[in-house]
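K.L.:
The structure's right below; bear with me while I get my questions together.
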Amino acid sequence: MEGAAKRLLKAGFVKKSKSADWKKLNADQKKTLSDKDAEKYADIEEMEVENGIKENTDFPATKFRHRFARESSKLSMEESYFWIMSQLKQAHSFHHFIKVKDLFAASEQSSMFGNAQQRLAAQQDKASQFLAVIGKMVKELFQLVRELRILDERIKLYEDSNKGDVSAEVTLKGIWIDLVEGGSKNPASVYGMARDVGFATLPDLFFDITVKSSDEVDKRVEATDFNKKVKEVLKRKLKTYILWRENTYKEIFTKRKFTLRYMRQHYDAIRMYMEWVKPYLGQIKKMMMDTDRLNDASLVSAFEGSLIDVEFIAVKKDPNYGNFRPCVVATFNYRTTPSLNYHAEAYQRGPIHVGRVECTLRGYAWTDEQIEAYRRYREEEAFEVLTSIDSSLKEAMDALGDSMKDYLREAGEKMEEEEKPKEKKIRGESALSPFLSIFEGFGEILSAFTGGIGSLKGGGKSKEDAFKEETQKEEAIKDVQSKLAKTYENYKRAHSMLMW
């Protein structure tokens, strides 16, 4: 699994001072970058996790951060979470909340572990059934494409033969002798009669005479200068072959049409099963224990304990800040003791968590694109299983080649067309090129003093727009800074915590 720094770089969180150096790296260099080297470019947060111990976290860097920890044997796990959420929403107008992380781990001998595993097993059994069906149907898809290719090859022989292609006609006659008559092993076949009965000229006559329809057989054979017996056998063989060719041509067309429709139905069925299995895979991923936390020293197998990590983004939209949004990333780390209580009147049994909560509030001023990039960054590791099934079908289709997509389009399936990269037009050299390059050089020198011709004409971002955006960002940062401090202060006062 990639480190946090590399995943932050993929999401676009690059240090401002290293932005130019990062752009100079090509795709291969970025892909092979080590986690240690990635930390030099990534805009990653360094935080004092314990007294005197600083470490890199998996969050983008921020200057505005508040953290508190609360521990009590009567602590309700849900209270702190919803208190922070309602405070940001009702008191500070953060209207939109995005949950980006929801993981838990329980000790192996705890009652919660056993209860969770029972529910997980039911989801896994259902998902495995769907995945087995999808795997079988993808395998059958290869056979259908292969069958269509064989049918297209045979149809091409028929069409070329009707156009007068001698080699195509000879090939069809050879197929008829091998498949219908049984080849040389059958004494009654063209080759068998030439070998056993004495009709030595029969194969040559059969392959040389080309007849387009069964009505022309008698006329063409009677025009040859051979004895009556040879003509009778030749008429019989040619007549049978022509009727076979005419009938099988229609059969192959009908079979191809049916196979093509069946392949589209098969493909749609695969996609339907994929849509059915995705919710199960998502639920399984959410219900599974966080394997990284199972080895945590705070989690002991013999104890009734659990570790829970929850994170959400609170977003505030204000037209005064332009494209920037004051954002609060709230992270909750719980170490709890779950207890399963039985409620007779409701006939329900669910865990009640009490223990310790550690909450960290981080403030950012992000655009909508940065918010979406951070959400994808968080979900990349947690839900990579959801995209694996889509990628497996895509790989299977790529292995089948373009013919697979062509068949589906022919059957009426709408396929996503790949956008072709626009080719850059290369200006040809001319006799005036050396002189034109001089004026281009003057233009570059002039743009260095004026800020670029595009900015003067309105084609680029002017200095006024850049200054306005920077001002809006600073105002958004000030807003989230004050709201963070107020939320932190109000929480500590409301819960009678020590303040200084």
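Simple scheme: letters A, B, ... for chains in structure tokens order, numbers from 1 for residues in each chain, numbers from 1 for ligands in the order shown.
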Based on DSSP run over this structure's backbone, return all residues of range 76-184 of chain A in strand (DSSP E), as a list in words.

P.N.:
His96, Phe97, Ile98, Lys99, Val100, Lys101, Asp102, Leu103, Phe104, Ala105 and Ala106 of chain A

K.L.:
Based on the backbone DSSP call, show me all residues of range 50-126 of chain A assigned alpha helix (DSSP H), as an MDAnalysis selection string.

P.N.:
chainID A and resid 77:86 111:126

K.L.:
For C-alpha atoms, I'd like the residues from the last selection saved as a PDB file, in the first residue's frame.

P.N.:
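Once written, result-v4.pdb looks like this:
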ATOM      1  CA  MET A  77     -19.332   7.779  22.346  1.00  0.00           C
ATOM      2  CA  GLU A  78     -22.036   9.424  20.249  1.00  0.00           C
ATOM      3  CA  GLU A  79     -22.361  12.568  22.379  1.00  0.00           C
ATOM      4  CA  SER A  80     -19.027  14.192  21.453  1.00  0.00           C
ATOM      5  CA  TYR A  81     -19.436  13.363  17.764  1.00  0.00           C
ATOM      6  CA  PHE A  82     -22.887  14.880  17.409  1.00  0.00           C
ATOM      7  CA  TRP A  83     -22.075  17.800  19.728  1.00  0.00           C
ATOM      8  CA  ILE A  84     -19.238  18.946  17.431  1.00  0.00           C
ATOM      9  CA  MET A  85     -21.403  18.387  14.363  1.00  0.00           C
ATOM     10  CA  SER A  86     -24.360  20.357  15.690  1.00  0.00           C
ATOM     11  CA  SER A 111     -18.844 -10.059  22.405  1.00  0.00           C
ATOM     12  CA  MET A 112     -18.949  -7.262  19.843  1.00  0.00           C
ATOM     13  CA  PHE A 113     -16.417  -9.078  17.658  1.00  0.00           C
ATOM     14  CA  GLY A 114     -18.546 -12.227  17.537  1.00  0.00           C
ATOM     15  CA  ASN A 115     -21.730 -10.282  16.803  1.00  0.00           C
ATOM     16  CA  ALA A 116     -20.072  -8.302  14.005  1.00  0.00           C
ATOM     17  CA  GLN A 117     -18.524 -11.402  12.412  1.00  0.00           C
ATOM     18  CA  GLN A 118     -21.902 -13.124  12.159  1.00  0.00           C
ATOM     19  CA  ARG A 119     -23.337 -10.204  10.212  1.00  0.00           C
ATOM     20  CA  LEU A 120     -20.196  -9.970   8.088  1.00  0.00           C
ATOM     21  CA  ALA A 121     -20.320 -13.665   7.153  1.00  0.00           C
ATOM     22  CA  ALA A 122     -23.863 -13.304   5.784  1.00  0.00           C
ATOM     23  CA  GLN A 123     -22.786 -10.424   3.527  1.00  0.00           C
ATOM     24  CA  GLN A 124     -19.649 -12.267   2.384  1.00  0.00           C
ATOM     25  CA  ASP A 125     -21.620 -15.390   1.404  1.00  0.00           C
ATOM     26  CA  LYS A 126     -23.996 -13.363  -0.754  1.00  0.00           C
TER      27      LYS A 126
END

K.L.:
Would you compute the distance between CA of Arg378 in chain A and CA of Ser128 in chain A? Give it in Å to one decimal.

P.N.:
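Computing it gives 26.1 Å between the two atoms.
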
K.L.:
When you count only C-alpha atoms, which of these residues is closest to Asn56 in chain A: A:Glu159, A:His95, A:Gly3, A:Arg154?

P.N.:
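Smallest distance to Asn56 in chain A is found for A:Gly3.
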
K.L.:
With distances taken over only C-alpha atoms, which of A:Met272, A:Val190, A:Met263, A:Ile177 is nearest to Val233 in chain A?

P.N.:
A:Val190

K.L.:
I want to know what sits within 6 Å of Val14 in chain A, based on only C-alpha atoms, with residues of the same chain fewer than 4 positions away left out; could you give that as a list in words?

P.N.:
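Contacts, with the query itself left out: Leu9, Tyr41, Ala42 and Asp43 of chain A.
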
K.L.:
Generate a file of the selected residues that holds N, CA and C atoms, formatted as a PDB file, in the first residue's frame.

P.N.:
ATOM      1  N   LEU A   9       0.071  13.439  -2.918  1.00  0.00           N
ATOM      2  CA  LEU A   9       0.559  14.003  -4.177  1.00  0.00           C
ATOM      3  C   LEU A   9      -0.387  13.671  -5.326  1.00  0.00           C
ATOM      4  N   TYR A  41       7.956  16.547  -1.379  1.00  0.00           N
ATOM      5  CA  TYR A  41       7.070  17.306  -2.256  1.00  0.00           C
ATOM      6  C   TYR A  41       5.671  17.465  -1.675  1.00  0.00           C
ATOM      7  N   ALA A  42       5.210  16.498  -0.910  1.00  0.00           N
ATOM      8  CA  ALA A  42       3.825  16.508  -0.425  1.00  0.00           C
ATOM      9  C   ALA A  42       3.620  17.582   0.630  1.00  0.00           C
ATOM     10  N   ASP A  43       2.470  18.232   0.560  1.00  0.00           N
ATOM     11  CA  ASP A  43       2.079  19.233   1.561  1.00  0.00           C
ATOM     12  C   ASP A  43       1.450  18.492   2.744  1.00  0.00           C
TER      13      ASP A  43
END

K.L.:
How many Å lie between CA of Val100 in chain A and CA of Phe332 in chain A, rounded to one decimal?

P.N.:
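Computed distance, CA of Val100 in chain A to CA of Phe332 in chain A, equals 11.9 Å.
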
K.L.:
With a cut-off of 8 Å, could you pull out the residues of range 12-80 of chain A touching range 472-495 of chain A and give me the nearest pair of atoms for each, distance in Å to one decimal, using only C-alpha atoms, ordered by chain and ascending number, as a Markdown table?

P.N.:
| residue | atom | partner | partner_atom | distance |
| --- | --- | --- | --- | --- |
| A:Phe64 | CA | A:Gln481 | CA | 6.2 |
| A:Arg65 | CA | A:Leu484 | CA | 7.8 |
| A:His66 | CA | A:Tyr488 | CA | 6.8 |

K.L.:
Print the selection's residues with N, CA and C atoms to a file, as a PDB file, in the first residue's frame.

P.N.:
ATOM      1  N   PHE A  64      -3.941  25.697  11.528  1.00  0.00           N
ATOM      2  CA  PHE A  64      -5.055  25.845  12.475  1.00  0.00           C
ATOM      3  C   PHE A  64      -5.545  24.464  12.887  1.00  0.00           C
ATOM      4  N   ARG A  65      -5.210  24.111  14.100  1.00  0.00           N
ATOM      5  CA  ARG A  65      -5.548  22.780  14.598  1.00  0.00           C
ATOM      6  C   ARG A  65      -5.797  22.847  16.093  1.00  0.00           C
ATOM      7  N   HIS A  66      -6.847  22.188  16.535  1.00  0.00           N
ATOM      8  CA  HIS A  66      -7.163  22.084  17.961  1.00  0.00           C
ATOM      9  C   HIS A  66      -7.431  20.618  18.274  1.00  0.00           C
TER      10      HIS A  66
END

K.L.:
Name all residues at most 7 Å from Ala5 in chain A (count only C-alpha atoms; drop same-chain ones fewer than 3 positions away) and give them as a list of chain:residue names.

P.N.:
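Those residues are A:Leu8, A:Leu9, A:Asp35, A:Ala38, A:Glu39, A:Ala42, A:Ile44.
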